[in-house]
$ cat protein28.cif   # mmCIF, C-alpha atoms
data_protein
#
loop_
_atom_site.group_PDB
_atom_site.id
_atom_site.type_symbol
_atom_site.label_atom_id
_atom_site.label_comp_id
_atom_site.auth_asym_id
_atom_site.auth_seq_id
_atom_site.Cartn_x
_atom_site.Cartn_y
_atom_site.Cartn_z
ATOM 1 C CA MET A 1 115.135 107.211 142.967
ATOM 2 C CA LYS A 2 114.760 103.669 141.738
ATOM 3 C CA PHE A 3 111.497 102.396 140.259
ATOM 4 C CA GLN A 4 110.951 100.049 143.187
ATOM 5 C CA ASP A 5 111.410 102.890 145.693
ATOM 6 C CA ALA A 6 108.821 104.956 143.824
ATOM 7 C CA VAL A 7 106.430 101.989 143.873
ATOM 8 C CA LYS A 8 106.990 101.562 147.611
ATOM 9 C CA LYS A 9 106.329 105.249 148.255
ATOM 10 C CA SER A 10 103.175 105.130 146.151
ATOM 11 C CA ILE A 11 101.906 102.051 148.014
ATOM 12 C CA LYS A 12 102.598 103.643 151.394
ATOM 13 C CA ALA A 13 100.701 106.793 150.451
ATOM 14 C CA PHE A 14 97.752 104.794 149.113
ATOM 15 C CA VAL A 15 97.566 102.593 152.211
ATOM 16 C CA ASP A 16 97.550 105.766 154.340
ATOM 17 C CA GLY A 17 94.571 106.960 152.299
ATOM 18 C CA LYS A 18 96.446 109.606 150.334
ATOM 19 C CA MET A 19 96.255 110.178 146.589
ATOM 20 C CA PRO A 20 98.187 112.557 144.333
ATOM 21 C CA LYS A 21 96.674 116.031 143.990
ATOM 22 C CA THR A 22 95.902 115.691 140.279
ATOM 23 C CA LEU A 23 94.205 112.363 140.847
ATOM 24 C CA MET A 24 92.110 113.910 143.618
ATOM 25 C CA GLU A 25 91.039 116.622 141.172
ATOM 26 C CA MET A 26 90.185 113.941 138.623
ATOM 27 C CA LYS A 27 88.223 112.114 141.290
ATOM 28 C CA ALA A 28 86.173 115.241 141.962
ATOM 29 C CA GLU A 29 85.556 115.912 138.267
ATOM 30 C CA GLU A 30 85.178 112.494 136.690
ATOM 31 C CA GLY A 31 84.619 110.287 139.712
ATOM 32 C CA LEU A 32 87.413 107.730 139.983
ATOM 33 C CA MET A 33 86.478 104.214 140.924
ATOM 34 C CA PHE A 34 89.601 102.705 142.465
ATOM 35 C CA THR A 35 90.206 104.989 145.435
ATOM 36 C CA PRO A 36 91.428 104.010 148.936
ATOM 37 C CA ASP A 37 87.776 104.158 150.096
ATOM 38 C CA TYR A 38 86.759 101.680 147.401
ATOM 39 C CA PHE A 39 89.274 99.123 148.671
ATOM 40 C CA ASP A 40 88.238 99.701 152.295
ATOM 41 C CA GLU A 41 84.635 99.003 151.333
ATOM 42 C CA LEU A 42 85.681 95.964 149.295
ATOM 43 C CA GLU A 43 87.583 94.562 152.261
ATOM 44 C CA ALA A 44 84.679 95.196 154.632
ATOM 45 C CA SER A 45 82.193 93.523 152.280
ATOM 46 C CA LEU A 46 84.470 90.501 151.789
ATOM 47 C CA VAL A 47 84.953 90.127 155.559
ATOM 48 C CA GLU A 48 81.208 90.324 156.046
ATOM 49 C CA GLU A 49 80.605 87.811 153.272
ATOM 50 C CA LYS A 50 83.149 85.426 154.761
ATOM 51 C CA GLY A 51 81.627 85.760 158.226
ATOM 52 C CA SER A 52 78.116 85.055 156.970
ATOM 53 C CA SER A 53 79.266 82.040 154.933
ATOM 54 C CA LYS A 54 80.963 80.577 158.030
ATOM 55 C CA LYS A 55 77.783 80.986 160.064
ATOM 56 C CA SER A 56 75.678 79.326 157.386
ATOM 57 C CA LYS A 57 78.153 76.437 157.200
ATOM 58 C CA LYS A 58 77.914 75.941 160.953
ATOM 59 C CA LYS A 59 74.146 75.822 160.718
ATOM 60 C CA GLU A 60 74.283 73.249 157.954
ATOM 61 C CA GLU A 61 76.522 70.883 159.928
ATOM 62 C CA PRO A 62 74.432 68.342 161.884
ATOM 63 C CA GLU A 63 75.043 68.094 165.610
ATOM 64 C CA TYR A 64 76.152 64.671 166.757
ATOM 65 C CA GLU A 65 75.448 63.471 170.257
ATOM 66 C CA ALA A 66 77.992 61.436 172.130
ATOM 67 C CA MET B 1 146.226 94.186 111.915
ATOM 68 C CA LYS B 2 143.026 94.544 109.884
ATOM 69 C CA PRO B 3 140.354 97.002 111.084
ATOM 70 C CA ASP B 4 137.183 95.410 112.443
ATOM 71 C CA PHE B 5 134.044 96.814 110.818
ATOM 72 C CA LYS B 6 131.622 94.533 112.691
ATOM 73 C CA GLY B 7 130.820 97.097 115.437
ATOM 74 C CA PRO B 8 127.859 99.483 115.338
ATOM 75 C CA ILE B 9 128.214 102.579 113.209
ATOM 76 C CA PRO B 10 128.269 105.751 115.318
ATOM 77 C CA GLY B 11 124.878 107.429 115.113
ATOM 78 C CA ALA B 12 123.119 104.284 113.901
ATOM 79 C CA ASN B 13 120.652 104.555 116.768
ATOM 80 C CA LEU B 14 119.440 107.876 115.372
ATOM 81 C CA LEU B 15 118.409 106.168 112.142
ATOM 82 C CA ALA B 16 116.823 103.101 113.787
ATOM 83 C CA ASP B 17 113.074 102.622 113.878
ATOM 84 C CA PRO B 18 111.816 104.234 117.116
ATOM 85 C CA ARG B 19 108.844 101.846 117.147
ATOM 86 C CA LYS B 20 111.042 98.801 117.479
ATOM 87 C CA TYR B 21 110.215 98.162 121.133
ATOM 88 C CA PRO B 22 106.741 98.295 122.745
ATOM 89 C CA TRP B 23 107.844 100.976 125.224
ATOM 90 C CA HIS B 24 108.949 103.167 122.334
ATOM 91 C CA ARG B 25 105.372 103.358 121.098
ATOM 92 C CA PRO B 26 102.500 105.184 122.839
ATOM 93 C CA PRO B 27 101.067 102.963 125.614
ATOM 94 C CA GLU B 28 97.792 101.127 125.115
ATOM 95 C CA ILE B 29 96.251 102.286 128.402
ATOM 96 C CA VAL B 30 96.514 105.835 129.694
ATOM 97 C CA GLU B 31 93.504 106.130 131.994
ATOM 98 C CA TYR B 32 93.908 105.470 135.738
ATOM 99 C CA ASP B 33 90.761 103.399 136.253
ATOM 100 C CA GLU B 34 91.309 101.443 133.053
ATOM 101 C CA ALA B 35 94.891 100.642 134.051
ATOM 102 C CA VAL B 36 93.887 99.522 137.552
ATOM 103 C CA ASP B 37 91.095 97.395 136.099
ATOM 104 C CA TYR B 38 93.516 95.787 133.625
ATOM 105 C CA MET B 39 96.064 94.982 136.351
ATOM 106 C CA LEU B 40 93.445 93.645 138.785
ATOM 107 C CA ASN B 41 92.135 91.357 136.054
ATOM 108 C CA LYS B 42 95.699 90.217 135.464
ATOM 109 C CA ILE B 43 96.126 89.447 139.162
ATOM 110 C CA SER B 44 92.877 87.480 139.152
ATOM 111 C CA GLU B 45 94.080 85.184 136.362
ATOM 112 C CA ASP B 46 94.762 81.678 137.675
ATOM 113 C CA GLU B 47 98.406 81.483 136.628
ATOM 114 C CA GLN B 48 99.242 84.966 137.899
ATOM 115 C CA SER B 49 97.441 84.568 141.216
ATOM 116 C CA GLU B 50 99.141 81.206 141.854
ATOM 117 C CA LEU B 51 102.497 82.803 141.174
ATOM 118 C CA ILE B 52 101.788 85.884 143.318
ATOM 119 C CA TYR B 53 100.617 83.971 146.371
ATOM 120 C CA SER B 54 103.451 81.474 146.019
ATOM 121 C CA LEU B 55 105.895 84.387 146.009
ATOM 122 C CA LEU B 56 104.271 85.771 149.150
ATOM 123 C CA GLN B 57 104.685 82.375 150.824
ATOM 124 C CA ILE B 58 108.435 82.514 150.297
ATOM 125 C CA ASP B 59 108.686 85.870 152.118
ATOM 126 C CA ILE B 60 108.781 88.118 149.068
ATOM 127 C CA ASN B 61 106.993 91.324 150.011
ATOM 128 C CA ILE B 62 104.074 92.872 148.158
ATOM 129 C CA PRO B 63 105.952 95.929 146.728
ATOM 130 C CA THR B 64 108.449 93.591 145.042
ATOM 131 C CA VAL B 65 105.655 91.529 143.506
ATOM 132 C CA VAL B 66 103.785 94.664 142.394
ATOM 133 C CA SER B 67 106.852 96.315 140.861
ATOM 134 C CA SER B 68 107.759 93.169 138.900
ATOM 135 C CA MET B 69 104.204 92.957 137.526
ATOM 136 C CA LEU B 70 104.278 96.643 136.588
ATOM 137 C CA MET B 71 107.656 96.285 134.885
ATOM 138 C CA GLN B 72 106.192 93.477 132.813
ATOM 139 C CA ALA B 73 103.226 95.642 131.790
ATOM 140 C CA ILE B 74 105.551 98.560 130.926
ATOM 141 C CA SER B 75 107.837 96.359 128.837
ATOM 142 C CA ARG B 76 104.820 95.119 126.872
ATOM 143 C CA GLY B 77 103.789 98.691 126.172
ATOM 144 C CA LYS B 78 100.508 98.391 128.067
ATOM 145 C CA ILE B 79 100.997 101.288 130.491
ATOM 146 C CA PRO B 80 103.420 104.217 130.789
ATOM 147 C CA ILE B 81 105.912 104.353 133.679
ATOM 148 C CA ASP B 82 104.289 107.282 135.518
ATOM 149 C CA LEU B 83 100.875 105.606 135.443
ATOM 150 C CA ALA B 84 102.513 102.403 136.706
ATOM 151 C CA VAL B 85 103.728 104.248 139.805
ATOM 152 C CA LEU B 86 100.221 105.650 140.351
ATOM 153 C CA ILE B 87 98.469 102.282 140.160
ATOM 154 C CA ALA B 88 100.956 100.496 142.445
ATOM 155 C CA GLY B 89 98.887 101.412 145.528
ATOM 156 C CA PRO B 90 95.572 99.916 144.352
ATOM 157 C CA MET B 91 97.351 96.749 143.176
ATOM 158 C CA ALA B 92 99.128 96.259 146.500
ATOM 159 C CA ARG B 93 95.909 96.865 148.419
ATOM 160 C CA TYR B 94 94.034 94.311 146.283
ATOM 161 C CA ILE B 95 96.736 91.678 146.797
ATOM 162 C CA GLU B 96 96.692 92.425 150.529
ATOM 163 C CA ILE B 97 92.898 92.001 150.732
ATOM 164 C CA ILE B 98 92.932 88.692 148.857
ATOM 165 C CA ALA B 99 95.859 87.398 150.940
ATOM 166 C CA LYS B 100 94.023 88.378 154.118
ATOM 167 C CA MET B 101 90.826 86.671 152.994
ATOM 168 C CA GLU B 102 92.534 83.471 151.928
ATOM 169 C CA GLY B 103 94.747 83.368 155.017
ATOM 170 C CA TYR B 104 98.025 83.673 153.129
ATOM 171 C CA LYS B 105 101.100 85.019 154.825
ATOM 172 C CA TYR B 106 102.054 88.436 153.425
ATOM 173 C CA ASP B 107 104.372 91.352 154.079
ATOM 174 C CA MET B 108 103.524 94.880 152.951
ATOM 175 C CA GLY B 109 107.228 95.745 153.210
ATOM 176 C CA LEU B 110 106.523 99.259 154.445
ATOM 177 C CA ASP B 111 107.657 98.926 158.051
ATOM 178 C CA GLU B 112 111.072 100.540 158.453
ATOM 179 C CA SER B 113 111.625 99.037 161.926
ATOM 180 C CA ASP B 114 112.031 95.559 160.421
ATOM 181 C CA ARG B 115 114.782 96.787 158.154
ATOM 182 C CA ILE B 116 118.246 95.557 159.051
ATOM 183 C CA LYS B 117 120.707 98.446 158.936
ATOM 184 C CA VAL B 118 123.680 97.751 156.733
ATOM 185 C CA THR B 119 126.864 98.363 158.696
ATOM 186 C CA PRO B 120 130.487 97.673 157.739
ATOM 187 C CA THR B 121 130.642 94.901 160.353
ATOM 188 C CA LEU B 122 127.469 93.265 159.005
ATOM 189 C CA LEU B 123 128.783 93.521 155.487
ATOM 190 C CA LYS B 124 132.118 91.977 156.484
ATOM 191 C CA GLN B 125 130.331 89.141 158.273
ATOM 192 C CA ALA B 126 128.116 88.526 155.246
ATOM 193 C CA LEU B 127 131.163 88.402 152.993
ATOM 194 C CA GLY B 128 133.058 86.205 155.462
ATOM 195 C CA ILE B 129 135.899 88.698 155.826
ATOM 196 C CA ILE B 130 135.950 88.891 159.635
ATOM 197 C CA ASP B 131 137.942 86.260 161.548
ATOM 198 C CA ASN B 132 137.092 85.316 165.106
ATOM 199 C CA GLU B 133 140.434 86.737 166.292
ATOM 200 C CA GLU B 134 139.581 90.154 164.886
ATOM 201 C CA THR B 135 136.250 90.361 166.627
ATOM 202 C CA GLU B 136 137.836 89.987 170.080
ATOM 203 C CA ASP B 137 139.222 93.193 171.548
ATOM 204 C CA PRO B 138 142.848 92.542 172.556
ATOM 205 C CA MET B 139 142.739 95.381 175.141
ATOM 206 C CA GLN B 140 139.987 93.619 177.081
ATOM 207 C CA GLU B 141 141.798 90.324 177.367
ATOM 208 C CA GLY B 142 144.390 91.368 180.000
ATOM 209 C CA PRO B 143 147.882 89.868 180.445
ATOM 210 C CA ILE B 144 148.428 86.322 179.331
ATOM 211 C CA ALA B 145 148.969 84.076 182.370
ATOM 212 C CA ALA B 146 152.180 82.059 182.430
ATOM 213 C CA PRO B 147 151.660 78.288 182.185
ATOM 214 C CA ALA B 148 152.032 76.383 185.480
ATOM 215 C CA GLU B 149 154.566 73.943 184.053
ATOM 216 C CA ILE B 150 157.168 74.759 181.454
ATOM 217 C CA PRO B 151 156.860 72.250 178.636
ATOM 218 C CA MET B 152 160.038 70.249 178.036
ATOM 219 C CA GLY B 153 161.496 69.117 174.742
ATOM 220 C CA GLY B 154 161.032 70.484 171.305
ATOM 221 C CA LEU B 155 162.660 73.510 169.770
ATOM 222 C CA MET B 156 160.914 76.064 172.007
ATOM 223 C CA GLY B 157 160.694 73.864 175.115
ATOM 224 C CA GLY B 158 162.651 74.339 178.334
ATOM 225 C CA ILE B 159 166.056 72.728 178.984
ATOM 226 C CA PRO B 160 166.075 69.890 181.514
ATOM 227 C CA GLU B 161 167.970 70.779 184.725
ATOM 228 C CA GLU B 162 170.632 68.082 184.380
ATOM 229 C CA GLU B 163 171.407 69.285 180.884
ATOM 230 C CA GLY B 164 171.000 72.962 181.752
ATOM 231 C CA ILE B 165 174.563 73.782 182.831
ATOM 232 C CA ALA B 166 177.468 72.365 180.953
ATOM 233 C CA PRO B 167 180.461 70.986 182.956
ATOM 234 C CA GLU B 168 183.414 73.338 183.509
ATOM 235 C CA ASP B 169 185.681 71.570 180.954
ATOM 236 C CA GLU B 170 183.051 71.894 178.277
ATOM 237 C CA GLN B 171 182.515 75.535 179.112
ATOM 238 C CA ALA B 172 186.253 76.205 178.966
ATOM 239 C CA ALA B 173 186.475 74.366 175.626
ATOM 240 C CA MET B 174 183.621 76.426 174.293
ATOM 241 C CA LEU B 175 185.445 79.597 175.364
ATOM 242 C CA GLY B 176 188.743 78.350 173.950
ATOM 243 C CA LEU B 177 190.583 78.618 177.298
ATOM 244 C CA ASN B 178 192.095 75.128 177.486
ATOM 245 C CA VAL B 179 193.417 75.025 173.936
ATOM 246 C CA GLU B 180 197.127 75.404 173.761
ATOM 247 C CA GLU B 181 198.281 77.674 171.041
ATOM 248 C CA ASP B 182 200.725 76.259 168.540
ATOM 249 C CA THR B 183 203.629 78.674 168.601
ATOM 250 C CA ASP B 184 206.110 76.502 166.742
ATOM 251 C CA GLY B 185 205.595 77.949 163.356
ATOM 252 C CA LEU B 186 205.860 81.511 164.561
ATOM 253 C CA ALA B 187 209.205 81.319 166.217
#
$ encode --input "protein28.cif" --output "structure tokens"
Amino acid sequence: MKFQDAVKKSIKAFVDGKMPKTLMEMKAEEGLMFTPDYFDELEASLVEEKGSSKKSKKKEEPEYEA
Amino acid sequence: MKPDFKGPIPGANLLADPRKYPWHRPPEIVEYDEAVDYMLNKISEDEQSELIYSLLQIDINIPTVVSSMLMQAISRGKIPIDLAVLIAGPMARYIEIIAKMEGYKYDMGLDESDRIKVTPTLLKQALGIIDNEETEDPMQEGPIAAPAEIPMGGLMGGIPEEEGIAPEDEQAAMLGLNVEEDTDGLA
């Protein structure tokens, strides 16, 4: 297997929410930070942040009458 | 001919310094979280992020970008190869999130349905080997219809009617019938 194929396989597993067994054990023992859940939460918080900033921008814009 | 002694001595590699290259030495980072943190900081650097998102714009998929970044880190002796494979997922996910947020076009490169199957025909077409004549099936064409008019003149053209049949004298001359044999010398 080529390095790039291994990388692709690893990415696919991570995106599907899977992690290697040993890493899962490490997660349980030491508490890993960068897990699939962490990135899901990061994405959700960034989407929320972006949505709220858009709303606040809309409020700031003055309404012009024709 | 003089022997050339410029080549490497057999077994010289066994005496060379094993710490010559960064990947020959123990890697700097061996912890998963530390390695991910290091790579995410790398991605967040201005120069790197500009390069990454420019690559995504020209239809280079995320696994290719990630693997090239990891190869760079391995060659500098920052992370070992097995850890590089482990942290590929978090890196790809981070790039995906940022691309999504910023509205950049990206391809995760994981969908097999988009993959074009390599076939001999495709390969021949790509290499320009196939001619148009070869692609057409000669069995499907059917018999070649005879032209309505026979072309005249030229080497392969038809013979005009007036010139078609030679006069009788000419035919006889061609056959050698009207030539009188000279029998004087024989008698």
$ resolve_selection --input "protein28.cif" --expression "the PyMOL selection byres ((chain A) within 10 of (chain B))" --output "ChimeraX atom specification"
/A:3-20,23,26,31-36,38-40,42-44,46-47,50
$ atom_distance --input "protein28.cif" --atom1 "CA of Pro80 (chain B)" --atom2 "CA of Leu55 (chain B)"
25.1 Å
$ atom_distance --input "protein28.cif" --atom1 "CA of Glu50 (chain B)" --atom2 "CA of Ile29 (chain B)"
25.2 Å
$ atom_distance --input "protein28.cif" --atom1 "CA of Asp46 (chain B)" --atom2 "CA of Val65 (chain B)"
15.8 Å
$ resolve_selection --input "protein28.cif" --expression "the PyMOL selection byres ((chain B and resi 78) around 9)" --output "list in words"
Pro22, Trp23, Pro26, Pro27, Glu28, Ile29, Val30, Ala35, Gln72, Ala73, Ile74, Ser75, Arg76, Gly77, Ile79 and Pro80 of chain B
$ closest_residue --input "protein28.cif" --among "B:Asn61, B:Lys124, B:Ser49, B:Met39" --to "Leu83 (chain B)" --atoms "all atoms listed in the file"
B:Met39
$ axis_aligned_box --input "protein28.cif" --around "region 18-35 of chain A" --padding-each-side "4 Å" --output "lines of an AutoDock Vina configuration file"
center_x = 91.4
center_y = 109.7
center_z = 143.5
size_x = 21.6
size_y = 21.9
size_z = 21.6
$ decode --input "protein28.cif" --residues "region 33-54 of chain A" --atoms "N, CA and C atoms" --output "tab-separated table (two decimals), in the first residue's frame"
chain	number	residue	atom	x	y	z
A	33	MET	N	-7.71	14.78	22.82
A	33	MET	CA	-8.43	16.02	22.51
A	33	MET	C	-9.02	15.98	21.10
A	34	PHE	N	-8.17	15.64	20.13
A	34	PHE	CA	-8.59	15.75	18.73
A	34	PHE	C	-9.27	14.46	18.24
A	35	THR	N	-10.50	14.29	18.65
A	35	THR	CA	-11.29	13.13	18.23
A	35	THR	C	-12.31	13.58	17.17
A	36	PRO	N	-12.98	12.64	16.50
A	36	PRO	CA	-14.01	13.05	15.53
A	36	PRO	C	-15.09	13.93	16.17
A	37	ASP	N	-15.43	13.65	17.43
A	37	ASP	CA	-16.45	14.46	18.14
A	37	ASP	C	-15.98	15.91	18.30
A	38	TYR	N	-14.69	16.07	18.59
A	38	TYR	CA	-14.13	17.41	18.77
A	38	TYR	C	-14.35	18.25	17.51
A	39	PHE	N	-14.07	17.63	16.36
A	39	PHE	CA	-14.19	18.37	15.09
A	39	PHE	C	-15.66	18.64	14.73
A	40	ASP	N	-16.54	17.71	15.12
A	40	ASP	CA	-17.98	17.94	14.90
A	40	ASP	C	-18.44	19.15	15.71
A	41	GLU	N	-17.99	19.19	16.96
A	41	GLU	CA	-18.36	20.31	17.83
A	41	GLU	C	-17.77	21.63	17.31
A	42	LEU	N	-16.52	21.54	16.84
A	42	LEU	CA	-15.85	22.74	16.30
A	42	LEU	C	-16.64	23.28	15.11
A	43	GLU	N	-17.05	22.37	14.24
A	43	GLU	CA	-17.80	22.77	13.04
A	43	GLU	C	-19.13	23.42	13.44
A	44	ALA	N	-19.81	22.77	14.39
A	44	ALA	CA	-21.11	23.28	14.84
A	44	ALA	C	-20.95	24.68	15.44
A	45	SER	N	-19.91	24.85	16.26
A	45	SER	CA	-19.72	26.16	16.91
A	45	SER	C	-19.37	27.23	15.88
A	46	LEU	N	-18.57	26.85	14.87
A	46	LEU	CA	-18.20	27.83	13.84
A	46	LEU	C	-19.41	28.22	12.98
A	47	VAL	N	-20.26	27.24	12.70
A	47	VAL	CA	-21.49	27.53	11.92
A	47	VAL	C	-22.38	28.47	12.70
A	48	GLU	N	-22.50	28.17	14.00
A	48	GLU	CA	-23.33	29.02	14.86
A	48	GLU	C	-22.79	30.44	14.92
A	49	GLU	N	-21.47	30.52	15.09
A	49	GLU	CA	-20.79	31.82	15.18
A	49	GLU	C	-21.01	32.63	13.90
A	50	LYS	N	-20.90	31.93	12.77
A	50	LYS	CA	-21.05	32.59	11.47
A	50	LYS	C	-22.49	33.08	11.29
A	51	GLY	N	-23.44	32.25	11.72
A	51	GLY	CA	-24.85	32.61	11.62
A	51	GLY	C	-25.18	33.83	12.46
A	52	SER	N	-24.65	33.85	13.68
A	52	SER	CA	-24.93	34.98	14.58
A	52	SER	C	-24.27	36.26	14.08
A	53	SER	N	-23.07	36.14	13.49
A	53	SER	CA	-22.39	37.33	12.97
A	53	SER	C	-23.12	37.90	11.77
A	54	LYS	N	-23.74	37.04	10.96
A	54	LYS	CA	-24.52	37.50	9.81
A	54	LYS	C	-25.75	38.27	10.26
